[in-house]
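Working notes, structure below.
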Amino acid sequence: MRRPRRRRRQRQQQRRQQQRRRRGGGWRRRPSGLRLPQPGAGQSVLGGPVPSRTARGLPHGAPAPGAARRGLGARLRAAPRLQVHLQVLFVAINCWWNQGRCRKKKHFFYFPVIYLYHRSFGPIEYKGPMSAVYIEKFVRRVMKPLQYIPSQSELLDFLSNYEPGVLGYFEFSGSPQPPGYVTFFSSALHSLKKDYLRTVRFGVITNKHLAKLVSLVHSGSVYLHRHFNTSLVFPREVLNYTAENICKWALENQQTLLRWLRPHGGKSLLLNNELKKGPALFLFIPFNPLAESHPLIDEITEVALEYNNCHGDQVVERLLQHLRRVDTPVVKSLASEPPIQLLDPPLITASPCCNTVVLPQWHSISRTHNVCELCVNQTAVGIRLSSVSVPQCSFLEMAAALDSFYLKEQAFYHVSDSMECSNFLSSYSPFSYYTACCRTMNRGMAGFIDSEPDVFKSPSIAFSSLEKECEVDIPSSVPHIEENRRVFPEVDMNSTNFTGLSCRTNKTLNLYLLDSNLFWLYAERLGAPSTSQVKEFAAIVDVKEESHYILDPKQALMKFTLESFIQNFSILYSPLKRHLIGSDSAQFPSQHLITEVTTDTFWEIVLQKQDVLLLYYAQWCGFCSSLNHVFIQLARLLPTDTFTVARIDVSQNDLPWEFMVDRLPTVLFFPCNRKDLSVKYPEDLPITLPNLLKFILHHSDPAFIPQNLANPPTKECLQREAVLQQHISHLEREIQKLRAEINTLLRAQMQVEAQLSSARRDEHRLLLQQQTLKKQHSLLQLHTEQLQILYEQKTRELEEVAQKLQELADASENLLTENSWLKILVATMERKLESKDGAENLNAPEEEAHSDYPEPSGSPRLPGSTPPPANISSPLAAERSNESRTD
Amino acid sequence: MPFRLLVPLGLLCSLPPPHLGAPGPDGSAPDPAHYRERVKAMFYHAYDSYLENAFPYDELRPLTCDGHDTWGSFSLTLIDALDTLLILGNVSEFQRVVEVLQDNLDFDIDVNASVFETNIRVVGGLLSAHLLSKKAGVEVEAGWPCSGPLLRMAEEAARKLLPAFQTPTGMPYGTVNLLHGVNPGETPVTCTAGIGTFIVEFATLSSLTGDPVFEDVARVALMRLWESRSDIGLVGNHIDVLTGKWVAQDAGIGAGVDSYFEYLVKGAILLQDKKLMAMFLEYNKAIRNYTRFDDWYLWVQMYKGTVSMPVFQSLEAYWPGLQSLIGDIDNAMRTFLNYYTVWKQFGGLPEFYNIPQGYTVEKREGYPLRPELIESAMYLYRATGDPTLLELGRDAVESIEKISKVECGFATIKDLRDHKLDNRMESFFLAETVKYLYLLFDPTNFIHNNGSTFDAVITPYGECILGAGGYIFNTEAHPIDPAALHCCRRLKEEQWEVEGLMKEFYSLKQGRSRFQKTTMSSGPWEPPARPGTFSSPENHDGVREKKPAKRGIPLLSCPSQPFTSKLALLGQVFLDSS
């Protein structure tokens, strides 16, 4: 019943959307700014698992079986709803309904499944996160798979991006669809099939001069840009010029500077494989795929380019410059064909050397803003360095800047709601100035959330653009003195060190980006604060060393901090300390029977105080938790002020290597004053209370000897007294326990006695009952015997009676016969008498005839000497029948 | 700049985000509080319908709104749901049901009952209710936890099962008549789980009551099974208890075998018994070698090790949870994620799932609301805190409510392909499925106690520490407190020993250590040299030959987790480098 209704709703929805589409009307039009022909673009029709011919829209797949994805529909509806729906139709199909066509055609292993049907290309499955912005981005990318590159700056933008780019050069002057263009177009769509977020971008150049910059001469040729290796041109002579081949070629030969890690949530070896490659730098940043620009990623790209730029490659330099927003005319080919020395190395203004300062709460500015970016700005006039692209920064400068910042904090002026900037003259050098921009850290509150309203007001972007303002625009508005920069050689040394560092260290880092809106959990597991409002975090993970290092979460994630973080990791005696994750010790009550040790409190509790018995455990380990009661008993026995029973959950708390164990549970004993002599509880010995006590006793005994001997006697006495006191209190506790025990025993005894007495009563009663029963039984037996006799007697009597009755019956039978005979006789006699009377009255002959007549045989009185005469047989018969009737 | 075009579009996106009750895989985990309440509502919907429509029958028939007897005539659903009531925090109903059971339960009935089911559901349910009754505010007698009405009922029920164990091999029959014992002509073929799933309940009974007969028969049966394993270390599915010959020779971890392995581990933890653990580790090795393929576990021939059925059974889903108990968390997670994909495909776990075909198996498409996968999720969530596990819980709640909820309870799903229902609600739905779901969403439940709280109970046999966590669930999800077993073993000797040691401890502190030391030097504390002085259970006779090889790895312990476990979240798995 439920399903048809849903179908109906879907159909309605479809209709509504179609109407909307018609009303919108503009969906067939190309966006006005786009001059590039995008075959099928604009009219790209996106459909679900329905025949694409009929131009259906983007499905939300089906509701998961049992609608486990509750709310997903809502999210998706909310998602790319806005402008995209004018050009894309969204359709949801219940592909679970077992009577439906979809179910018959498709065999899905999970839900929801999202297909985007492109009119000229067919279905493209979306496999990305179920998040509105990502889906919208995907839709937009499918709608416009090629990026048109009209100018040099666009070209630089395109190439300086951290994601690899593929460029096609097509001349549109001859025909509206130059040869190969459609193939190139569909190869761009093809790449979206492979990776939904398209890490490889596809661009199109139509300008001959631009094409030359990337060494493309012939229309229809395709160029793959690589930052460090030689860039490639698609080898038409080797590979067929097909969409699949171009796509495959690009994916195989691409070189990624920064890689996005986007675990899809299902089982995957992604991190495993990436981490096995070597130490990895994970950069967690909030990412909005729809945002126009990503200043933070640009900054990171800059770091990555410099880090990997081993040979001082010119192209890379050029891109770096571009990233720093220095617009210089492109004078040289960008293709990495024979690198020619730049004739006129561009004038580089020194990049600011910046540092982030977290203001203490008492500070006047901190009432509104608690993080300040402090930059040393110097203009290099007339000085040209070969390695110009490096920010100059020294601690000296920074310290000075900091000082002046604190001195001149009142000079701030307002830039926006969330930020204030100021410029100061350097106190030690009138020729350089500082810029300080302060912002509040709660900027993340508005944070970037799916389909967040103000994605383009995204705070980080706001910040970065303002930062730019501070650095570039403000100096012009605020008077300051410019001077030749002061050159600190050692600073130069330091900073140049970073360029190409990846080739000079044996701990080369791979750089990865993770969207902290989706994967902040990993950051938390690596030690990022879970409550942080700014979801930016950096950590280096080294699986081989089983260690990881984090960039102090208090520091903002930016170029400078990142560079020093990487440098610190790379140098031989790294100052970075392995980061130990620990649970929050505040969550455990301090006055607890068993002291809960965390990473932070380990030193204080285990290594500082008295004798400590430390249990290493983990909550999930069955063998640990079933021993809880033993340790609780132990802790209750031992005096807490001289002996600590402690435990540490090692699945939540990292410890320095020397204190780690590899099996759980493990018990270690740290004797007082000789923490170096920690002893391990023997593994094959069952962990029981007596065994633990013996273990403690054995290992703690010599602890007090030297101390006692060294102590003056009075102190010894005092100590002894204290110990005695403890013992006494222990004994008192034991006595109390025993008393309680006795009480329970007494109660139990009473209970048992009560039960016993009731049982006895019962027994007695039963006995009585038994006796009465016995009596009754014997009585009954007697009765039975008597009855038996009686019965026999009666039987006999009955037999006799029966016999008599039989006799009587026989007799009566005889009598009956006799009787009948008599009757006959009587009848005969009577008849005779009558006939006699008649004969006497009539004649004698008749009398003679009657003399022959026989008498009835049954007559007793007249035994059958004479048979009755035959002529009277019929009246006799009549007589008999009368008789029998009367009987 | 073609991208400029997007700017106004983007600004239009600036509507407030839709508020979502149950967020998905975009980083935010399902809200536990919300689902806790949903699970509670599920429980009461089913429980109230049972009381209204089916009590005192064993189970509810949700489609016809009546009851029927299934495993005997014990009001089974009521016994099974009893401790779930307490876990959900309903103390008063727990007390009421205890009264009802005391008045009504009678095992002197002429009924043929499954030995296995009666043990895990009735004996297990009564034992756990007995051990939890103090927590539930039931007034207990002075000898508690070593005596009590519920314990006596459990003992009575268990005694009715003892005749089944009187076979030449010591392995029990599958069915027994509660009044007359084993019926003449009863089939001697019993499944492996029906032989090896007694140690948790029976050892608990023996410890609590002091009558060793229960633990003894359970151990004999376990030993016989251990001796019957094949040369490659596997056990089959069914065995003849008279001859000891294997009748069904499919070896795997699922139906017919499952809880045997479970009880080896849980018995080892509960009794601190190295022998049981050594058995399990041997099996585990064989299972990994012969049945594991790409983190799936298949069915193989027990003598040859050749694959006989490339099938995943929903009963096998307990395995990851078991692995997590012994610290094999990365393997557990990998297998769990495999199983979760099956759930995602159907919205439930079909009884059989053909792995190469990726679809259900004929006649085995049902999902009787089994708990196993949720059970594993609960254990793994305890270990990893991975929100993926909460997502499974969310999926399970939504699926069950959507598909199987009917007016009178929750109906078994007969066919996952079209969501047809069956007129049955198994008692394990309230005993296990709901309980594990609730515990998954309630990480602060007393069952998850990590030892930070406890009850000190004075008994006639001394002071006991109870309720300190580490509850062992029997295979019907009835929690057993391991401390209670220890408490009732009446270790008076241990107490005196401890007293003596404490005396020594204090005298040591008083500085008489030199004297003490001399006395101690006469018998230096060398545990291996004098094992007799410690109350260690005797171990290792079954696996003595293996012992030297394993030296160094204590059997009753878990490995600490590798570094990569920090990042093994949200579907990421790591291959161990070793």
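Residues are referred to by chain and number: the chain letter is A, B, ... according to the order shown in the structure tokens, the number counts from 1 in that chain, and ligands are numbered separately from 1 in the order shown.
Residues surrounding Arg370 of chain B within 9 Å are Ser314, Leu315, Leu349, Glu426, Phe428, Phe429, Glu432 and Thr433 of chain B [only C-alpha atoms; sequence separation below 5 positions excluded].
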Residue set, segment 212-459 of chain B restricted to alpha helix (DSSP H), as a PyMOL selection string: chain B and resi 213-228+258-271+274-290+319-325+329-346+372-384+387-399+427-428+434-441
Picked from segment 62-127 of chain B by DSSP as strand (DSSP E or B), as a VMD selection string: chain B and resid 66 to 68 112 to 114
Atom CA of Cys487 of chain B to atom CA of Thr666 of chain A, distance in Å rounded to a single decimal: 23.3 Å
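Here the question is which of B:Gln166, B:Gln323, B:Ser230, B:Asn90 gets nearest to Gln249 of chain B using only C-alpha atoms, and that residue is B:Ser230.
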Test item: residues at most 12 Å from Arg739 of chain A, only C-alpha atoms, excluding those fewer than 5 positions along its chain, as an NGL selection string: (:A and (731-734 or 744-746)) or (:B and (458-460 or 462-463))
Selection file, all heavy atoms, as a tab-separated table (two decimals), in the first residue's frame:
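After the write, result-v3.tsv holds the following:
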```tsv
chain	number	residue	atom	x	y	z
A	731	LEU	N	42.96	-2.74	60.11
A	731	LEU	CA	42.35	-3.81	60.93
A	731	LEU	C	40.95	-3.41	61.35
A	731	LEU	O	40.05	-4.25	61.37
A	731	LEU	CB	43.23	-4.08	62.15
A	731	LEU	CG	44.51	-4.83	61.83
A	731	LEU	CD1	45.38	-4.95	63.05
A	731	LEU	CD2	44.19	-6.23	61.28
A	732	GLU	N	40.81	-2.11	61.66
A	732	GLU	CA	39.47	-1.68	62.04
A	732	GLU	C	38.49	-1.89	60.91
A	732	GLU	O	37.37	-2.35	61.11
A	732	GLU	CB	39.50	-0.20	62.47
A	732	GLU	CG	39.83	-0.06	63.94
A	732	GLU	CD	40.17	1.37	64.30
A	732	GLU	OE1	40.15	2.23	63.39
A	732	GLU	OE2	40.46	1.61	65.47
A	733	ARG	N	38.99	-1.55	59.75
A	733	ARG	CA	38.11	-1.75	58.59
A	733	ARG	C	37.76	-3.23	58.46
A	733	ARG	O	36.61	-3.61	58.23
A	733	ARG	CB	38.79	-1.26	57.31
A	733	ARG	CG	38.35	0.13	56.91
A	733	ARG	CD	39.03	0.55	55.62
A	733	ARG	NE	40.43	0.87	55.84
A	733	ARG	CZ	41.42	0.45	55.06
A	733	ARG	NH1	41.17	-0.33	54.03
A	733	ARG	NH2	42.67	0.79	55.32
A	734	GLU	N	38.79	-4.05	58.68
A	734	GLU	CA	38.54	-5.49	58.58
A	734	GLU	C	37.52	-5.93	59.61
A	734	GLU	O	36.65	-6.75	59.34
A	734	GLU	CB	39.86	-6.26	58.78
A	734	GLU	CG	40.79	-6.20	57.60
A	734	GLU	CD	40.14	-6.74	56.34
A	734	GLU	OE1	39.58	-7.85	56.39
A	734	GLU	OE2	40.17	-6.03	55.31
A	744	THR	N	25.45	-10.56	58.74
A	744	THR	CA	24.76	-11.28	57.66
A	744	THR	C	24.69	-12.75	58.00
A	744	THR	O	23.67	-13.41	57.74
A	744	THR	CB	25.48	-11.14	56.32
A	744	THR	OG1	26.82	-10.82	56.56
A	744	THR	CG2	24.81	-10.14	55.43
A	745	LEU	N	25.76	-13.25	58.60
A	745	LEU	CA	25.75	-14.67	58.95
A	745	LEU	C	24.63	-14.95	59.93
A	745	LEU	O	23.92	-15.95	59.82
A	745	LEU	CB	27.09	-15.06	59.55
A	745	LEU	CG	28.14	-15.47	58.55
A	745	LEU	CD1	29.48	-15.62	59.23
A	745	LEU	CD2	27.74	-16.77	57.87
A	746	LEU	N	24.53	-14.02	60.90
A	746	LEU	CA	23.47	-14.22	61.89
A	746	LEU	C	22.12	-14.20	61.22
A	746	LEU	O	21.26	-15.05	61.50
A	746	LEU	CB	23.54	-13.11	62.95
A	746	LEU	CG	24.56	-13.35	64.06
A	746	LEU	CD1	24.61	-12.16	64.99
A	746	LEU	CD2	24.20	-14.62	64.82
B	458	ILE	N	28.00	-7.86	51.34
B	458	ILE	CA	28.43	-8.75	52.41
B	458	ILE	C	27.58	-10.01	52.35
B	458	ILE	O	26.36	-9.94	52.43
B	458	ILE	CB	28.27	-8.08	53.78
B	458	ILE	CG1	29.03	-6.77	53.85
B	458	ILE	CG2	28.69	-9.02	54.88
B	458	ILE	CD1	30.48	-6.89	54.12
B	459	THR	N	28.23	-11.13	52.18
B	459	THR	CA	27.51	-12.39	52.14
B	459	THR	C	27.99	-13.24	53.31
B	459	THR	O	29.00	-12.91	53.94
B	459	THR	CB	27.79	-13.14	50.83
B	459	THR	OG1	29.13	-13.62	50.89
B	459	THR	CG2	27.63	-12.24	49.63
B	460	PRO	N	27.29	-14.30	53.61
B	460	PRO	CA	27.77	-15.19	54.68
B	460	PRO	C	29.14	-15.77	54.37
B	460	PRO	O	29.81	-16.30	55.25
B	460	PRO	CB	26.72	-16.29	54.72
B	460	PRO	CG	25.51	-15.70	54.11
B	460	PRO	CD	25.99	-14.71	53.11
B	462	GLY	N	31.63	-14.02	53.06
B	462	GLY	CA	32.63	-12.96	53.00
B	462	GLY	C	32.13	-11.82	52.16
B	462	GLY	O	31.02	-11.83	51.66
B	463	GLU	N	33.03	-10.80	52.04
B	463	GLU	CA	32.62	-9.63	51.29
B	463	GLU	C	32.88	-9.85	49.81
B	463	GLU	O	33.94	-10.35	49.43
B	463	GLU	CB	33.40	-8.42	51.78
B	463	GLU	CG	32.91	-7.13	51.19
B	463	GLU	CD	33.93	-6.03	51.33
B	463	GLU	OE1	35.11	-6.27	51.05
B	463	GLU	OE2	33.55	-4.93	51.72
```
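Between atom CA of Leu440 of chain B and atom CA of Gly327 of chain B the interatomic distance comes to 18.6 Å.
Computed from the coordinates, the atom CA of Arg424 of chain B to atom CA of Ala81 of chain B distance equals 16.0 Å.
Excluding Tyr359 of chain B itself and any same-chain residue fewer than 3 positions from it, the protein and nucleic acid residues within 12 Å of it, counting only C-alpha atoms, are His107, Phe108 and Phe109 of chain A; Pro310, Val311, Phe312, Gln313, Thr341, Val342, Trp343, Gln345, Phe346, Leu349, Pro350, Glu351, Phe352, Tyr353, Asn354, Ile355, Pro356, Glu362, Arg364, Glu365, Leu416 and Arg417 of chain B.
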Determine, counting only C-alpha atoms, which protein, DNA and RNA residues have an atom within 12 Å of an atom of Arg96 of chain B; residues of the same chain fewer than 4 positions away are not included. Present the result as an mmCIF file with all heavy atoms, in the first residue's frame.
```cif
data_model
loop_
_atom_site.group_PDB
_atom_site.id
_atom_site.type_symbol
_atom_site.label_atom_id
_atom_site.label_comp_id
_atom_site.auth_asym_id
_atom_site.auth_seq_id
_atom_site.Cartn_x
_atom_site.Cartn_y
_atom_site.Cartn_z
ATOM 1 N N LEU B 78 8.814 -13.865 28.145
ATOM 2 C CA LEU B 78 8.892 -13.115 29.397
ATOM 3 C C LEU B 78 10.238 -13.344 30.086
ATOM 4 O O LEU B 78 10.885 -12.402 30.543
ATOM 5 C CB LEU B 78 7.743 -13.556 30.308
ATOM 6 C CG LEU B 78 7.384 -12.582 31.413
ATOM 7 C CD1 LEU B 78 6.962 -11.261 30.832
ATOM 8 C CD2 LEU B 78 6.288 -13.151 32.281
ATOM 9 N N LEU B 82 13.375 -10.375 30.410
ATOM 10 C CA LEU B 82 13.444 -9.871 31.786
ATOM 11 C C LEU B 82 14.625 -8.927 32.001
ATOM 12 O O LEU B 82 14.461 -7.800 32.484
ATOM 13 C CB LEU B 82 13.530 -11.082 32.726
ATOM 14 C CG LEU B 82 13.408 -10.836 34.206
ATOM 15 C CD1 LEU B 82 12.201 -9.985 34.507
ATOM 16 C CD2 LEU B 82 13.297 -12.161 34.936
ATOM 17 N N LEU B 85 14.481 -5.507 30.367
ATOM 18 C CA LEU B 85 13.725 -4.518 31.135
ATOM 19 C C LEU B 85 14.650 -3.697 32.022
ATOM 20 O O LEU B 85 14.568 -2.475 32.077
ATOM 21 C CB LEU B 85 12.689 -5.222 32.007
ATOM 22 C CG LEU B 85 11.388 -5.629 31.349
ATOM 23 C CD1 LEU B 85 10.608 -6.527 32.285
ATOM 24 C CD2 LEU B 85 10.569 -4.406 31.005
ATOM 25 N N LEU B 86 15.552 -4.381 32.691
ATOM 26 C CA LEU B 86 16.441 -3.678 33.612
ATOM 27 C C LEU B 86 17.424 -2.795 32.848
ATOM 28 O O LEU B 86 17.715 -1.668 33.262
ATOM 29 C CB LEU B 86 17.194 -4.681 34.480
ATOM 30 C CG LEU B 86 18.069 -4.030 35.532
ATOM 31 C CD1 LEU B 86 17.225 -3.238 36.492
ATOM 32 C CD2 LEU B 86 18.886 -5.051 36.262
ATOM 33 N N ASN B 90 13.723 -0.186 33.548
ATOM 34 C CA ASN B 90 12.383 -0.351 34.112
ATOM 35 C C ASN B 90 12.438 -1.326 35.287
ATOM 36 O O ASN B 90 12.270 -2.522 35.153
ATOM 37 C CB ASN B 90 11.435 -0.871 33.042
ATOM 38 C CG ASN B 90 9.995 -0.796 33.486
ATOM 39 O OD1 ASN B 90 9.716 -0.699 34.685
ATOM 40 N ND2 ASN B 90 9.081 -0.838 32.550
ATOM 41 N N VAL B 91 12.670 -0.773 36.473
ATOM 42 C CA VAL B 91 12.867 -1.591 37.656
ATOM 43 C C VAL B 91 11.550 -2.216 38.121
ATOM 44 O O VAL B 91 11.495 -3.383 38.488
ATOM 45 C CB VAL B 91 13.484 -0.727 38.765
ATOM 46 C CG1 VAL B 91 13.622 -1.514 40.032
ATOM 47 C CG2 VAL B 91 14.830 -0.200 38.332
ATOM 48 N N SER B 92 10.474 -1.433 38.091
ATOM 49 C CA SER B 92 9.231 -1.926 38.679
ATOM 50 C C SER B 92 8.679 -3.115 37.892
ATOM 51 O O SER B 92 8.203 -4.084 38.477
ATOM 52 C CB SER B 92 8.204 -0.798 38.724
ATOM 53 O OG SER B 92 8.067 -0.231 37.437
ATOM 54 N N VAL B 100 5.806 -12.852 39.060
ATOM 55 C CA VAL B 100 4.966 -13.676 38.183
ATOM 56 C C VAL B 100 5.650 -15.005 37.888
ATOM 57 O O VAL B 100 5.036 -16.074 37.960
ATOM 58 C CB VAL B 100 4.666 -12.911 36.878
ATOM 59 C CG1 VAL B 100 4.051 -13.832 35.843
ATOM 60 C CG2 VAL B 100 3.749 -11.738 37.153
ATOM 61 N N LEU B 101 6.946 -14.922 37.586
ATOM 62 C CA LEU B 101 7.659 -16.150 37.233
ATOM 63 C C LEU B 101 7.732 -17.084 38.430
ATOM 64 O O LEU B 101 7.584 -18.299 38.296
ATOM 65 C CB LEU B 101 9.063 -15.820 36.730
ATOM 66 C CG LEU B 101 9.131 -15.156 35.357
ATOM 67 C CD1 LEU B 101 10.570 -14.887 34.979
ATOM 68 C CD2 LEU B 101 8.477 -16.038 34.303
ATOM 69 N N GLN B 102 7.965 -16.521 39.601
ATOM 70 C CA GLN B 102 8.066 -17.388 40.781
ATOM 71 C C GLN B 102 6.769 -18.133 41.019
ATOM 72 O O GLN B 102 6.769 -19.267 41.479
ATOM 73 C CB GLN B 102 8.399 -16.541 42.009
ATOM 74 C CG GLN B 102 9.863 -16.190 42.084
ATOM 75 C CD GLN B 102 10.176 -15.453 43.354
ATOM 76 O OE1 GLN B 102 9.825 -15.894 44.434
ATOM 77 N NE2 GLN B 102 10.836 -14.325 43.228
ATOM 78 N N ASP B 103 5.674 -17.481 40.725
ATOM 79 C CA ASP B 103 4.393 -18.129 40.987
ATOM 80 C C ASP B 103 4.007 -19.122 39.900
ATOM 81 O O ASP B 103 3.299 -20.084 40.161
ATOM 82 C CB ASP B 103 3.292 -17.063 41.108
ATOM 83 C CG ASP B 103 3.515 -16.192 42.333
ATOM 84 O OD1 ASP B 103 4.303 -16.626 43.198
ATOM 85 O OD2 ASP B 103 2.934 -15.097 42.412
ATOM 86 N N SER B 133 19.101 -9.118 40.125
ATOM 87 C CA SER B 133 17.892 -8.773 40.866
ATOM 88 C C SER B 133 18.175 -7.754 41.968
ATOM 89 O O SER B 133 17.325 -6.933 42.281
ATOM 90 C CB SER B 133 17.226 -10.021 41.424
ATOM 91 O OG SER B 133 18.133 -10.763 42.167
ATOM 92 N N ALA B 136 18.093 -4.442 40.555
ATOM 93 C CA ALA B 136 16.737 -4.054 40.171
ATOM 94 C C ALA B 136 15.874 -3.775 41.392
ATOM 95 O O ALA B 136 14.683 -3.558 41.254
ATOM 96 C CB ALA B 136 16.106 -5.150 39.334
ATOM 97 N N GLY B 137 16.469 -3.815 42.573
ATOM 98 C CA GLY B 137 15.718 -3.461 43.762
ATOM 99 C C GLY B 137 14.864 -4.571 44.316
ATOM 100 O O GLY B 137 14.038 -4.338 45.194
ATOM 101 N N VAL B 138 15.054 -5.785 43.831
ATOM 102 C CA VAL B 138 14.324 -6.919 44.395
ATOM 103 C C VAL B 138 14.947 -7.235 45.754
ATOM 104 O O VAL B 138 16.166 -7.203 45.901
ATOM 105 C CB VAL B 138 14.423 -8.149 43.472
ATOM 106 C CG1 VAL B 138 13.735 -9.344 44.092
ATOM 107 C CG2 VAL B 138 13.839 -7.840 42.115
#
```
Just want the 10 Å neighbourhood of Asp295 of chain B, counted on only C-alpha atoms, with same-chain residues fewer than 3 positions away dropped. Output as a PDB file with N, CA and C atoms, in the first residue's frame.
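The resulting file, part.pdb, is shown below:
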```
ATOM      1  N   ARG B 288      41.089 -19.580  10.100  1.00  0.00           N
ATOM      2  CA  ARG B 288      41.738 -18.586   9.239  1.00  0.00           C
ATOM      3  C   ARG B 288      42.386 -19.242   8.028  1.00  0.00           C
ATOM      4  N   THR B 291      39.014 -21.422   6.033  1.00  0.00           N
ATOM      5  CA  THR B 291      37.693 -20.901   5.669  1.00  0.00           C
ATOM      6  C   THR B 291      37.708 -19.431   5.310  1.00  0.00           C
ATOM      7  N   ARG B 292      38.775 -18.704   5.619  1.00  0.00           N
ATOM      8  CA  ARG B 292      38.727 -17.267   5.395  1.00  0.00           C
ATOM      9  C   ARG B 292      39.189 -16.913   3.993  1.00  0.00           C
ATOM     10  N   LEU B 298      33.910 -18.882   4.749  1.00  0.00           N
ATOM     11  CA  LEU B 298      33.098 -19.802   3.953  1.00  0.00           C
ATOM     12  C   LEU B 298      32.936 -21.123   4.701  1.00  0.00           C
ATOM     13  N   ASN B 331      40.900  -7.210  12.177  1.00  0.00           N
ATOM     14  CA  ASN B 331      40.227  -8.269  11.424  1.00  0.00           C
ATOM     15  C   ASN B 331      38.727  -8.204  11.613  1.00  0.00           C
ATOM     16  N   ALA B 332      38.327  -7.945  12.836  1.00  0.00           N
ATOM     17  CA  ALA B 332      36.899  -7.877  13.130  1.00  0.00           C
ATOM     18  C   ALA B 332      36.247  -6.784  12.305  1.00  0.00           C
ATOM     19  N   MET B 333      36.884  -5.653  12.246  1.00  0.00           N
ATOM     20  CA  MET B 333      36.309  -4.520  11.523  1.00  0.00           C
ATOM     21  C   MET B 333      36.232  -4.823  10.029  1.00  0.00           C
ATOM     22  N   ARG B 334      37.256  -5.486   9.525  1.00  0.00           N
ATOM     23  CA  ARG B 334      37.235  -5.798   8.090  1.00  0.00           C
ATOM     24  C   ARG B 334      36.069  -6.721   7.758  1.00  0.00           C
ATOM     25  N   THR B 335      35.885  -7.751   8.586  1.00  0.00           N
ATOM     26  CA  THR B 335      34.780  -8.673   8.342  1.00  0.00           C
ATOM     27  C   THR B 335      33.440  -7.972   8.539  1.00  0.00           C
ATOM     28  N   PHE B 336      33.386  -7.159   9.571  1.00  0.00           N
ATOM     29  CA  PHE B 336      32.131  -6.448   9.833  1.00  0.00           C
ATOM     30  C   PHE B 336      31.721  -5.608   8.628  1.00  0.00           C
ATOM     31  N   LEU B 337      32.682  -4.928   8.041  1.00  0.00           N
ATOM     32  CA  LEU B 337      32.354  -4.064   6.907  1.00  0.00           C
ATOM     33  C   LEU B 337      31.841  -4.882   5.725  1.00  0.00           C
ATOM     34  N   ASN B 338      32.376  -6.086   5.548  1.00  0.00           N
ATOM     35  CA  ASN B 338      31.818  -6.979   4.526  1.00  0.00           C
ATOM     36  C   ASN B 338      30.353  -7.258   4.813  1.00  0.00           C
ATOM     37  N   TYR B 339      30.072  -7.624   6.045  1.00  0.00           N
ATOM     38  CA  TYR B 339      28.706  -8.001   6.392  1.00  0.00           C
ATOM     39  C   TYR B 339      27.770  -6.804   6.259  1.00  0.00           C
TER      40      TYR B 339
END
```
Contacts of Gln495 of chain B within 12 Å, only C-alpha atoms, excl. fewer than 3 positions in-chain, as a PyMOL selection string: (chain A and resi 633+637+688-690+693+734+738) or (chain B and resi 461-464+487+489-492+498-502+535)
